[in-house]
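The next block holds one structure in the form of structure tokens; read it before the comments.
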Amino acid sequence: MNLTFIKMHGLGNDYVYIDCFPKTTAEIIAKTDLAALARAVSDRHFGIGSDGLVLILPSKVADARMRIFNADGSEAEMCGNAIRCVAKYLYESGLCRDVHMQIETLAGIRSLSLHVMQERVDLVTVNMGKPIIRPDSIQSGLDPIGFTSVNMGNPHAVFFRDTIPHMPTNTNIEFVHVRNKHEIDVRVIERGSGETLACGTGACASAVAVIYHGLTERKVTVHLPGGDLLIQWKDNTSPVLMTGPATEVFRGEWYAN
């Protein structure tokens, strides 16, 4: 099995991308154990190395469809960093030359606006949809911890802390420190991948949580280990807008039996 791949990242949240528009590639993918492929290519010692695998596919209802698999092989509903990279690839490869495009995901169709300079995509703004907020919940136990539950197409638990700890676990968790009314620091543990340098949906969930609690203004710069994302939430009934970069690293071929 020979598959051409593209390695891209959004603020260090890196994935292996496969263009499934060509018929030969689509036929290979249709016969492939995608969970196993995601685990193999994601391995940073024996594979390519990534936070997961992303398939770029044709869509009957949008410009393209994105499927995303975490490093452990589980399929995710949505990824804000990955979808920016998919948009960059679609535009620069000529598959969609519109600076306004729609991409289908398991969380629904997302609309994107591309900021293009000299025919290269610099930044991408994504309409991440309307967040679903549940009232603060309490994690029972000897040391109860309050958190805010926010769904951005995938579920997140947002914790507020003065310091941001390490806490590997198999869920989407954000630890947030509020710097001021316009900036927050966030660290993310992604379900199925562990701690990542950035997470688009996690940044949105964190921004929604701090805005919801009145801790910041409605336009927030989210500082992540891999860089910054700009998150805007006009009001509690509006969709969340995320703006950030998308970067191609290299291309190659994956050889496997």
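Order determines the names: the first chain of the structure tokens is A, the second B, and so forth; residues in each chain are numbered 1 upward, and ligands are numbered 1 upward as they are shown.
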
Quiz item: Near range 115-118 of chain A, counting only C-alpha atoms, which residues have an atom at most 8 Å away, once you skip same-chain residues fewer than 6 positions from it, shown as a list in words?
Solution: Val99, Val124 and Thr125 of chain A

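Residues with any atom within 8 Å of Asp228 in chain A, counting only C-alpha atoms and excluding same-chain neighbours fewer than 5 positions away, are A:Leu11, A:Thr221, A:Val222, A:His223, A:Gly244.
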
Quiz item: Which of these residues is nearest to Ala64 in chain A, using only C-alpha atoms: A:Ala35, A:Gly47, A:Gly94, A:Met101?
Solution: A:Met101

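Using only C-alpha atoms for every distance, the candidate list A:Pro58, A:Gly73, A:Gly226, A:Gly202 yields A:Gly226 as the residue closest to Pro245 in chain A.
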
Practice problem: Looking only at helix (DSSP H, G or I) from DSSP on the backbone, list the matching residues of range 58-133 of chain A as a ChimeraX atom specification. | Solution: /A:80-92

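Each of A:Thr25, A:Thr247, A:Ser113, A:Asn13 was checked against Leu53 in chain A using only C-alpha atoms; the smallest atom-to-atom distance is that of A:Asn13.
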
Practice problem: Run DSSP on the backbone and grab whatever in range 22-156 of chain A lands in strand (DSSP E); send it over as a ChimeraX atom specification. | Solution: /A:52-57,64-70,75-76,100-105,108-117,120-127,132-139,145-151,155-156

Exercise. Quick one: everything within 10 Å of Asp43 in chain A, counting only C-alpha atoms, minus sequence neighbours fewer than 6 positions away in the same chain. Send it as an MDAnalysis selection string.
Key: chainID A and resid 49:52 71:72
